[in-house]
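Q: Got entry23.cif for you, mmCIF, C-alpha atoms:
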data_work
#
loop_
_atom_site.label_atom_id
_atom_site.label_comp_id
_atom_site.auth_asym_id
_atom_site.auth_seq_id
_atom_site.Cartn_x
_atom_site.Cartn_y
_atom_site.Cartn_z
CA MET A 157 -19.41 -2.64 2.90
CA LYS A 158 -17.38 -3.59 -0.19
CA PHE A 159 -13.63 -4.03 0.26
CA GLY A 160 -10.95 -4.05 -2.42
CA ILE A 161 -7.67 -5.71 -1.44
CA VAL A 162 -4.22 -5.32 -3.01
CA ILE A 163 -1.41 -7.79 -2.28
CA ASN A 164 2.09 -6.78 -3.34
CA GLU A 165 4.20 -9.60 -1.91
CA GLY A 166 4.57 -13.29 -2.64
CA PRO A 167 3.67 -16.07 -0.20
CA TYR A 168 6.04 -17.27 2.56
CA GLN A 169 8.66 -14.56 2.01
CA HIS A 170 6.59 -11.81 3.63
CA GLN A 171 3.60 -11.73 5.98
CA ALA A 172 1.52 -9.56 3.60
CA SER A 173 -0.49 -12.40 2.04
CA ASP A 174 -1.19 -13.95 5.47
CA THR A 175 -2.40 -10.67 6.93
CA ALA A 176 -4.55 -9.98 3.86
CA TYR A 177 -6.11 -13.44 4.10
CA LEU A 178 -6.95 -13.09 7.78
CA PHE A 179 -8.34 -9.60 7.10
CA CYS A 180 -10.59 -10.94 4.32
CA LYS A 181 -11.80 -13.82 6.48
CA ALA A 182 -12.67 -11.44 9.32
CA ALA A 183 -14.43 -9.05 6.93
CA LEU A 184 -16.54 -11.88 5.47
CA GLU A 185 -17.44 -13.10 8.96
CA LYS A 186 -18.73 -9.62 9.70
CA GLY A 187 -20.96 -9.72 6.64
CA HIS A 188 -18.85 -7.48 4.42
CA GLU A 189 -18.15 -8.22 0.78
CA ILE A 190 -14.69 -8.66 -0.74
CA PHE A 191 -15.18 -7.06 -4.14
CA ARG A 192 -11.82 -8.17 -5.49
CA VAL A 193 -8.33 -9.21 -4.42
CA PHE A 194 -5.71 -7.83 -6.78
CA PHE A 195 -2.31 -9.55 -6.82
CA TYR A 196 0.41 -7.17 -7.91
CA HIS A 197 4.25 -7.09 -8.11
CA ASP A 198 5.66 -10.27 -6.46
CA GLY A 199 2.14 -10.83 -5.12
CA VAL A 200 1.36 -12.67 -8.36
CA ASN A 201 3.30 -15.63 -6.94
CA ASN A 202 0.33 -16.26 -4.65
CA ALA A 203 -1.46 -17.63 -7.72
CA SER A 204 0.89 -20.48 -8.68
CA ARG A 205 -0.71 -23.90 -8.42
CA LEU A 206 2.78 -25.42 -8.54
CA THR A 207 3.37 -24.26 -4.96
CA GLU A 208 4.18 -27.14 -2.58
CA PRO A 209 4.73 -26.03 1.00
CA PRO A 210 5.91 -28.55 3.63
CA GLN A 211 3.12 -30.67 5.16
CA ASP A 212 3.21 -28.90 8.51
CA ASP A 213 2.91 -25.42 7.01
CA ARG A 214 -0.15 -23.49 5.86
CA ASN A 215 -0.93 -23.70 2.15
CA ILE A 216 -1.30 -20.03 1.27
CA VAL A 217 -2.26 -20.58 -2.36
CA ALA A 218 -4.85 -23.28 -1.63
CA ARG A 219 -6.25 -21.13 1.17
CA TRP A 220 -6.97 -18.29 -1.28
CA SER A 221 -8.54 -20.72 -3.77
CA LYS A 222 -10.80 -22.12 -1.07
CA LEU A 223 -11.86 -18.70 0.18
CA ALA A 224 -12.62 -17.63 -3.39
CA GLU A 225 -14.74 -20.71 -4.00
CA GLU A 226 -16.69 -20.42 -0.75
CA HIS A 227 -17.41 -16.70 -1.05
CA LYS A 228 -17.21 -16.14 -4.82
CA ILE A 229 -14.28 -13.74 -4.51
CA ASP A 230 -12.67 -12.36 -7.65
CA LEU A 231 -8.92 -13.11 -7.42
CA VAL A 232 -7.18 -11.09 -10.12
CA VAL A 233 -3.50 -11.44 -11.02
CA CYS A 234 -1.79 -8.50 -12.76
CA VAL A 235 -0.92 -9.70 -16.26
CA ALA A 236 2.29 -7.72 -16.76
CA ALA A 237 3.65 -8.68 -13.33
CA ALA A 238 2.59 -12.31 -13.88
CA LEU A 239 4.20 -12.74 -17.29
CA ARG A 240 7.43 -11.22 -15.99
CA ARG A 241 7.50 -13.91 -13.31
CA GLY A 242 6.36 -16.94 -15.30
CA ILE A 243 2.82 -17.04 -13.96
CA LYS A 244 0.51 -18.07 -16.81
CA ASP A 245 -2.95 -19.54 -17.29
CA GLU A 246 -1.48 -23.06 -17.35
CA ASN A 247 -0.04 -22.82 -13.83
CA LEU A 248 -2.77 -20.71 -12.27
CA ALA A 249 -4.40 -22.10 -9.11
CA PRO A 250 -8.22 -22.49 -9.05
CA GLY A 251 -10.18 -19.28 -8.52
CA PHE A 252 -7.50 -16.95 -9.90
CA ARG A 253 -7.68 -15.14 -13.23
CA ILE A 254 -5.13 -13.01 -15.07
CA SER A 255 -6.10 -9.50 -16.13
CA GLY A 256 -4.83 -5.94 -16.43
CA LEU A 257 -4.16 -3.05 -14.09
CA GLY A 258 -7.54 -1.62 -15.06
CA GLN A 259 -9.00 -4.20 -12.65
CA LEU A 260 -7.06 -2.57 -9.81
CA VAL A 261 -8.36 0.88 -10.71
CA GLU A 262 -11.89 -0.44 -11.16
CA ALA A 263 -11.71 -1.99 -7.68
CA GLY A 264 -10.70 1.43 -6.35
CA ILE A 265 -13.75 2.95 -8.01
CA GLN A 266 -16.28 0.25 -7.10
CA ALA A 267 -15.18 -0.71 -3.60
CA ASP A 268 -15.99 1.40 -0.54
CA ARG A 269 -12.48 0.88 0.83
CA MET A 270 -9.15 -0.23 -0.62
CA VAL A 271 -6.56 -1.84 1.62
CA THR A 272 -3.03 -2.62 0.45
CA PHE A 273 -0.81 -5.30 1.96
CA GLY A 274 2.85 -5.35 0.99
CA ASP A 275 6.42 -4.64 1.95
CA MET B 299 -8.08 8.55 8.14
CA LEU B 300 -6.50 5.24 9.09
CA HIS B 301 -2.74 4.89 8.74
CA ILE B 302 -1.50 1.31 8.58
CA ILE B 303 2.17 0.70 9.43
CA ASN B 304 3.88 -2.68 9.02
CA LYS B 305 7.60 -1.93 9.49
CA SER B 306 9.68 -1.94 12.64
CA PRO B 307 10.30 1.71 13.53
CA LEU B 308 13.78 0.76 14.72
CA SER B 309 14.93 -0.16 11.21
CA ASN B 310 12.63 1.73 8.84
CA GLY B 311 11.31 5.28 8.52
CA ALA B 312 7.67 4.53 7.64
CA LEU B 313 6.29 5.29 11.10
CA ASP B 314 8.41 8.45 11.34
CA SER B 315 7.12 9.67 7.99
CA CYS B 316 3.53 8.95 8.97
CA LEU B 317 3.90 10.79 12.28
CA ARG B 318 5.52 13.72 10.47
CA VAL B 319 2.56 14.39 8.16
CA ALA B 320 -0.46 13.05 10.06
CA GLU B 321 -2.13 15.56 12.34
CA SER B 322 -5.19 13.50 13.23
CA GLY B 323 -6.79 10.12 12.72
CA GLU B 324 -5.81 6.62 13.76
CA ILE B 325 -2.65 4.57 13.39
CA LEU B 326 -2.78 0.78 13.31
CA LEU B 327 0.48 -1.08 13.91
CA ILE B 328 0.62 -4.50 12.23
CA GLU B 329 3.28 -7.10 11.39
CA ASP B 330 6.77 -5.80 12.31
CA ALA B 331 5.39 -2.39 13.30
CA VAL B 332 3.94 -3.84 16.51
CA TYR B 333 7.34 -3.31 18.15
CA ALA B 334 6.46 0.41 18.19
CA ALA B 335 3.71 -0.36 20.70
CA THR B 336 6.00 -1.81 23.35
CA LYS B 337 7.21 -0.25 26.58
CA GLY B 338 10.88 0.41 27.15
CA SER B 339 11.92 0.74 23.50
CA ALA B 340 13.75 3.82 22.26
CA LEU B 341 10.50 4.76 20.55
CA GLU B 342 8.32 4.96 23.65
CA GLY B 343 8.65 8.72 24.13
CA LYS B 344 7.87 9.41 20.52
CA MET B 345 4.81 7.14 20.61
CA LYS B 346 3.46 8.85 23.71
CA GLU B 347 3.90 12.20 22.00
CA ALA B 348 2.08 10.89 18.92
CA MET B 349 -0.81 9.76 21.09
CA ASP B 350 -1.60 13.40 21.87
CA LYS B 351 -2.83 13.89 18.31
CA LEU B 352 -3.51 10.39 17.00
CA LYS B 353 -5.20 7.27 18.30
CA VAL B 354 -2.73 4.36 18.28
CA LEU B 355 -3.85 0.75 17.97
CA VAL B 356 -1.94 -2.49 17.60
CA LEU B 357 -2.92 -5.80 15.99
CA LEU B 358 -2.77 -8.14 18.99
CA PRO B 359 -2.16 -11.45 17.13
CA ASP B 360 1.01 -9.93 15.64
CA LEU B 361 2.16 -8.71 19.04
CA GLU B 362 1.43 -12.10 20.62
CA ALA B 363 3.33 -13.88 17.85
CA ARG B 364 6.38 -11.78 18.71
CA GLY B 365 6.18 -12.45 22.44
CA LEU B 366 5.45 -8.89 23.50
CA ALA B 367 1.75 -8.82 24.35
CA ASP B 368 2.53 -8.15 28.02
CA ARG B 369 4.47 -4.95 27.26
CA ILE B 370 1.98 -2.66 25.56
CA ILE B 371 2.42 1.07 26.16
CA GLU B 372 -0.43 2.38 28.28
CA GLY B 373 -3.11 3.97 26.12
CA VAL B 374 -2.39 1.88 23.02
CA ALA B 375 -5.54 -0.09 22.19
CA THR B 376 -5.48 -3.65 20.87
CA VAL B 377 -7.58 -5.08 18.05
CA ASP B 378 -7.96 -8.48 16.44
CA TYR B 379 -8.51 -8.95 12.68
CA GLY B 380 -12.21 -8.16 13.14
CA GLY B 381 -11.20 -4.91 14.85
CA PHE B 382 -8.86 -4.19 11.93
CA VAL B 383 -11.84 -4.56 9.58
CA ASP B 384 -13.93 -2.23 11.76
CA LEU B 385 -11.18 0.41 11.67
CA VAL B 386 -11.01 0.33 7.89
CA ALA B 387 -14.80 0.57 7.70
CA SER B 388 -15.15 3.41 10.20
CA ASN B 389 -12.47 5.62 8.63
CA LYS B 390 -13.22 7.41 5.37
CA ASN B 391 -9.99 6.18 3.80
CA CYS B 392 -6.79 4.40 4.70
CA GLN B 393 -3.16 4.34 3.69
CA SER B 394 -0.64 1.56 4.04
CA TRP B 395 2.78 3.12 4.63
CA LEU B 396 4.77 0.51 2.74
CA MET C 188 -20.28 12.51 -10.72
CA SER C 189 -20.57 9.81 -8.10
CA ASP C 190 -18.30 7.60 -10.18
CA ILE C 191 -15.40 10.05 -9.96
CA LYS C 192 -13.14 9.42 -7.02
CA LYS C 193 -10.06 11.15 -5.71
CA PHE C 194 -7.07 8.83 -6.15
CA MET C 195 -3.77 9.75 -4.57
CA PHE C 196 -0.56 7.93 -5.37
CA VAL C 197 1.95 8.24 -2.58
CA ASN C 198 5.46 7.68 -3.90
CA ARG C 199 8.01 7.10 -1.16
CA LYS C 200 10.61 4.93 -2.87
CA ALA C 201 13.64 5.76 -5.01
CA PRO C 202 13.64 4.76 -8.69
CA TYR C 203 15.55 1.73 -10.12
CA GLY C 204 16.43 0.15 -6.76
CA THR C 205 12.94 -1.34 -6.78
CA ILE C 206 10.18 -1.45 -9.39
CA TYR C 207 7.59 0.56 -7.43
CA ALA C 208 8.26 3.98 -9.00
CA LEU C 209 7.77 2.57 -12.50
CA GLU C 210 4.64 0.63 -11.54
CA SER C 211 3.16 3.70 -9.88
CA LEU C 212 3.37 5.56 -13.20
CA GLU C 213 1.57 2.69 -14.94
CA VAL C 214 -1.34 2.79 -12.51
CA VAL C 215 -1.44 6.59 -12.57
CA LEU C 216 -1.90 6.58 -16.36
CA ILE C 217 -4.60 3.91 -16.23
CA THR C 218 -6.44 5.72 -13.44
CA ALA C 219 -6.45 8.89 -15.52
CA ALA C 220 -7.84 6.87 -18.45
CA PHE C 221 -10.77 5.93 -16.14
CA ASP C 222 -11.43 9.69 -15.79
CA GLN C 223 -10.72 9.75 -12.07
CA GLU C 224 -9.26 12.68 -10.16
CA VAL C 225 -5.57 11.84 -9.86
CA SER C 226 -2.87 13.36 -7.69
CA LEU C 227 0.69 12.26 -6.98
CA ALA C 228 2.52 12.89 -3.75
CA PHE C 229 6.27 12.49 -3.53
CA MET C 230 7.79 12.09 -0.11
CA ASP C 231 10.82 10.45 1.48
CA ASP C 232 13.01 8.79 -1.18
CA GLY C 233 10.16 9.16 -3.67
CA VAL C 234 11.40 12.70 -4.28
CA TYR C 235 14.43 11.18 -6.01
CA GLN C 236 12.10 9.93 -8.77
CA LEU C 237 11.89 13.51 -10.03
CA LYS C 238 15.62 14.31 -10.04
CA LYS C 239 16.80 15.82 -13.31
CA GLY C 240 19.50 14.18 -15.38
CA GLN C 241 18.81 10.47 -14.87
CA GLN C 242 21.10 8.37 -17.11
CA THR C 243 20.27 4.68 -17.04
CA LYS C 244 22.36 3.36 -19.91
CA GLY C 245 24.99 2.00 -17.55
CA ILE C 246 22.49 -0.13 -15.61
CA GLU C 247 20.80 -1.34 -18.80
CA THR C 248 17.38 -0.30 -17.55
CA LYS C 249 14.80 1.93 -19.22
CA ASN C 250 14.88 5.55 -18.09
CA PHE C 251 11.24 6.25 -17.33
CA SER C 252 11.75 9.72 -15.87
CA PRO C 253 10.59 11.54 -19.07
CA THR C 254 7.13 10.08 -18.37
CA TYR C 255 6.67 12.52 -15.47
CA ARG C 256 6.87 15.36 -17.97
CA ALA C 257 4.32 13.65 -20.20
CA LEU C 258 1.70 13.42 -17.44
CA GLU C 259 0.40 16.88 -18.23
CA GLY C 260 -0.76 15.58 -21.62
CA TYR C 261 -3.06 13.16 -19.77
CA ASP C 262 -4.48 15.98 -17.64
CA ILE C 263 -2.50 14.83 -14.63
CA GLU C 264 -1.30 18.09 -13.18
CA LYS C 265 -1.46 17.58 -9.44
CA LEU C 266 2.09 16.71 -8.48
CA TYR C 267 2.96 17.45 -4.87
CA VAL C 268 6.38 17.26 -3.27
CA GLU C 269 6.79 17.34 0.48
CA LYS C 270 9.13 20.19 1.37
CA GLU C 271 10.72 18.46 4.36
CA SER C 272 11.59 15.33 2.34
CA MET C 273 13.04 17.40 -0.49
CA GLU C 274 15.20 19.51 1.79
CA ALA C 275 16.38 16.51 3.80
CA ARG C 276 17.86 15.20 0.54
CA GLY C 277 19.68 18.41 -0.32
CA LEU C 278 17.36 19.05 -3.26
CA SER C 279 15.45 22.13 -4.34
CA GLU C 280 12.72 22.71 -6.94
CA GLY C 281 15.40 23.56 -9.52
CA ASP C 282 16.68 19.97 -9.28
CA LEU C 283 13.34 18.51 -10.34
CA LEU C 284 12.52 17.58 -13.93
CA VAL C 285 8.88 18.69 -13.83
CA ASP C 286 6.81 21.52 -12.35
CA VAL C 287 5.47 20.54 -8.94
CA THR C 288 3.67 22.10 -6.03
CA VAL C 289 5.84 22.03 -2.93
CA LEU C 290 3.81 21.53 0.23
CA GLY C 291 4.73 21.41 3.90
CA LYS C 292 4.26 18.20 5.87
CA LYS C 293 0.96 19.28 7.41
CA GLU C 294 -0.51 20.25 4.04
CA ILE C 295 0.50 16.89 2.56
CA GLY C 296 -1.18 15.15 5.49
CA GLU C 297 -4.36 17.18 5.02
CA LEU C 298 -4.41 16.36 1.33
CA MET C 299 -4.19 12.63 2.12
CA ASP C 300 -7.15 12.99 4.47
CA GLN C 301 -9.28 14.32 1.63
CA GLN C 302 -8.73 11.37 -0.74
CA ASP C 303 -11.09 8.50 -1.49
CA VAL C 304 -8.35 6.04 -2.45
CA VAL C 305 -4.71 6.26 -1.39
CA LEU C 306 -2.32 3.86 -3.10
CA SER C 307 1.24 3.52 -1.82
CA PHE C 308 4.21 2.80 -4.00
#
Is it possible to express this structure as structure tokens?
A:
Amino acid sequence: MKFGIVINEGPYQHQASDTAYLFCKAALEKGHEIFRVFFYHDGVNNASRLTEPPQDDRNIVARWSKLAEEHKIDLVVCVAAALRRGIKDENLAPGFRISGLGQLVEAGIQADRMVTFGD
Amino acid sequence: MLHIINKSPLSNGALDSCLRVAESGEILLIEDAVYAATKGSALEGKMKEAMDKLKVLVLLPDLEARGLADRIIEGVATVDYGGFVDLVASNKNCQSWL
Amino acid sequence: MSDIKKFMFVNRKAPYGTIYALESLEVVLITAAFDQEVSLAFMDDGVYQLKKGQQTKGIETKNFSPTYRALEGYDIEKLYVEKESMEARGLSEGDLLVDVTVLGKKEIGELMDQQDVVLSF
């Protein structure tokens, strides 16, 4: 089955990105496909490569990049939300790309299920 | 359908709103909503009533993280992240009550 | 036909306090541009999004409430308000800035069940 994922909250402040990540990992382990992860609202902050968590904490951004590389997942950052928050191509972590809200709607059309994680 | 709740019912109305409109289907409690699955809270009666029409499940890792895995209301089922995925797959659609 | 899905936007948050009401409208318009079947449900504080007479000059924020009236021009005509939420806020249909269908809680729940994609704002 193809899953579309929406993440509305930034890393570390709220559990949304953690839950979404663990959901995606479990779905992939079960042989499902993650069609796209769409980062929306403050969720665009998950895409900043300038993130530097303390050594003993999980690296949420790097974790998404790694998952995307290993499973060829499309990580899309909402352009309007990103520009409002200073997320641009030059500080985008590997595996992420910036695009429009049409990508969210397209995921809703193409995926078998859409799951939203947020506050 | 699958209703996903992530807010503590003691400080937010999301669960209440979901229970008001949902007549059937499944409810999964995740993140801070797992407190709704625990015995002895002010919500217990309401949850038991809800279980007459809806199946209630709780994401166990979130309940464990909050130190309450030994206090689950009887009849509330537990799932791990894999079980969460299965629930989304087996229901026709889902809604996150943010 | 298989490419047309039923999208429901569930609006449960008040306008201006957070950005969700405004963003919901953005996605609604784009979804309609993809020729999908779009409906909007307003419940809880989301009902306040439709209150007549919004004046935002004093908070120096754009008043986006006229957009609800423009939705009809994009063939978005399915606007549902949950009766219980509306009444709990001391509002009636006459207080709303656009024509809506008022539904009881059970009918709103049934409508959600019938959707392919439910997006919460």
Q: Compute the set of chain A residues within 8 Å of chain C, using all atoms listed in the file, and express it as number ranges by chain.
A: A: 257-258, 261, 264-265, 269-270, 272
Q: Contacts of stretch 233-241 of chain C at 10 Å or less, counting all atoms listed in the file, minus same-chain residues fewer than 6 places along, as a VMD selection string?
A: chain C and resid 197 to 203 207 to 209 250 to 253 255 to 256 267 to 270 272 to 274 276 278 to 287 308
Q: Please provide as a ChimeraX atom specification all residues within 8 Å of C:Glu271, with the sequence filter that same-chain residues fewer than 4 positions apart are discarded (counting only C-alpha atoms).
A: /C:275,291-292
Q: Please list as a PDB file with C-alpha atoms, in the frame of the given file every residue within 12 Å of stretch 366-373 of chain B, counting all atoms listed in the file and excluding residues in the same chain fewer than 4 positions away.
A:
ATOM      1  CA  LEU B 327       0.480  -1.080  13.910  1.00  0.00           C
ATOM      2  CA  ASP B 330       6.770  -5.800  12.310  1.00  0.00           C
ATOM      3  CA  VAL B 332       3.940  -3.840  16.510  1.00  0.00           C
ATOM      4  CA  TYR B 333       7.340  -3.310  18.150  1.00  0.00           C
ATOM      5  CA  ALA B 334       6.460   0.410  18.190  1.00  0.00           C
ATOM      6  CA  ALA B 335       3.710  -0.360  20.700  1.00  0.00           C
ATOM      7  CA  THR B 336       6.000  -1.810  23.350  1.00  0.00           C
ATOM      8  CA  LYS B 337       7.210  -0.250  26.580  1.00  0.00           C
ATOM      9  CA  GLY B 338      10.880   0.410  27.150  1.00  0.00           C
ATOM     10  CA  SER B 339      11.920   0.740  23.500  1.00  0.00           C
ATOM     11  CA  LEU B 341      10.500   4.760  20.550  1.00  0.00           C
ATOM     12  CA  GLU B 342       8.320   4.960  23.650  1.00  0.00           C
ATOM     13  CA  GLY B 343       8.650   8.720  24.130  1.00  0.00           C
ATOM     14  CA  LYS B 344       7.870   9.410  20.520  1.00  0.00           C
ATOM     15  CA  MET B 345       4.810   7.140  20.610  1.00  0.00           C
ATOM     16  CA  LYS B 346       3.460   8.850  23.710  1.00  0.00           C
ATOM     17  CA  GLU B 347       3.900  12.200  22.000  1.00  0.00           C
ATOM     18  CA  ALA B 348       2.080  10.890  18.920  1.00  0.00           C
ATOM     19  CA  MET B 349      -0.810   9.760  21.090  1.00  0.00           C
ATOM     20  CA  ASP B 350      -1.600  13.400  21.870  1.00  0.00           C
ATOM     21  CA  LEU B 352      -3.510  10.390  17.000  1.00  0.00           C
ATOM     22  CA  LYS B 353      -5.200   7.270  18.300  1.00  0.00           C
ATOM     23  CA  VAL B 354      -2.730   4.360  18.280  1.00  0.00           C
ATOM     24  CA  LEU B 355      -3.850   0.750  17.970  1.00  0.00           C
ATOM     25  CA  VAL B 356      -1.940  -2.490  17.600  1.00  0.00           C
ATOM     26  CA  LEU B 357      -2.920  -5.800  15.990  1.00  0.00           C
ATOM     27  CA  LEU B 358      -2.770  -8.140  18.990  1.00  0.00           C
ATOM     28  CA  PRO B 359      -2.160 -11.450  17.130  1.00  0.00           C
ATOM     29  CA  ASP B 360       1.010  -9.930  15.640  1.00  0.00           C
ATOM     30  CA  LEU B 361       2.160  -8.710  19.040  1.00  0.00           C
ATOM     31  CA  GLU B 362       1.430 -12.100  20.620  1.00  0.00           C
ATOM     32  CA  VAL B 377      -7.580  -5.080  18.050  1.00  0.00           C
TER      33      VAL B 377
END
Q: Just give me the gap between atom CA of C:Leu212 and atom CA of C:Asp232 in Å, one decimal is fine.
A: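 Value for the atom CA of C:Leu212-atom CA of C:Asp232 distance: 15.7 Å.
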Q: If the PyMOL selection byres ((chain B) within 7 of (chain C)) is run on the structure shown, which residues does it catch, given as an NGL selection string?
A: :B and (299 or 318-321 or 391-396)
Q: Using the chain letters and residue numbers of this document, give as number ranges by chain the residues selected by the PyMOL selection byres ((chain B and resi 305-311) around 6).
A: B: 304, 312-314, 330-331
Q: Keeping only C-alpha atoms, write the selected residues to a file as a compact mmCIF listing (two decimals), in the frame of the given file.
A:
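Heads up, here's the output in out11.txt:
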# COMPACT_ATOMS: atom_id res chain seq x y z
CA ASN B 304 3.88 -2.68 9.02
CA ALA B 312 7.67 4.53 7.64
CA LEU B 313 6.29 5.29 11.10
CA ASP B 314 8.41 8.45 11.34
CA ASP B 330 6.77 -5.80 12.31
CA ALA B 331 5.39 -2.39 13.30
Q: Quick check on the file I pasted: which residues fall under the PyMOL selection byres ((chain A) within 7 of (chain B))? Write them as a compact mmCIF listing (two decimals) with C-alpha atoms, in the frame of the given file.
A:
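So selection.txt came out as:
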# COMPACT_ATOMS: atom_id res chain seq x y z
CA LEU A 178 -6.95 -13.09 7.78
CA PHE A 179 -8.34 -9.60 7.10
CA ALA A 182 -12.67 -11.44 9.32
CA ALA A 183 -14.43 -9.05 6.93
CA ARG A 269 -12.48 0.88 0.83
CA VAL A 271 -6.56 -1.84 1.62
CA THR A 272 -3.03 -2.62 0.45
CA GLY A 274 2.85 -5.35 0.99
CA ASP A 275 6.42 -4.64 1.95
Q: Between atom CA of A:Ile163 and atom CA of A:Ala176, what is the distance in Å, rounded to a tenth?
A: 7.2 Å
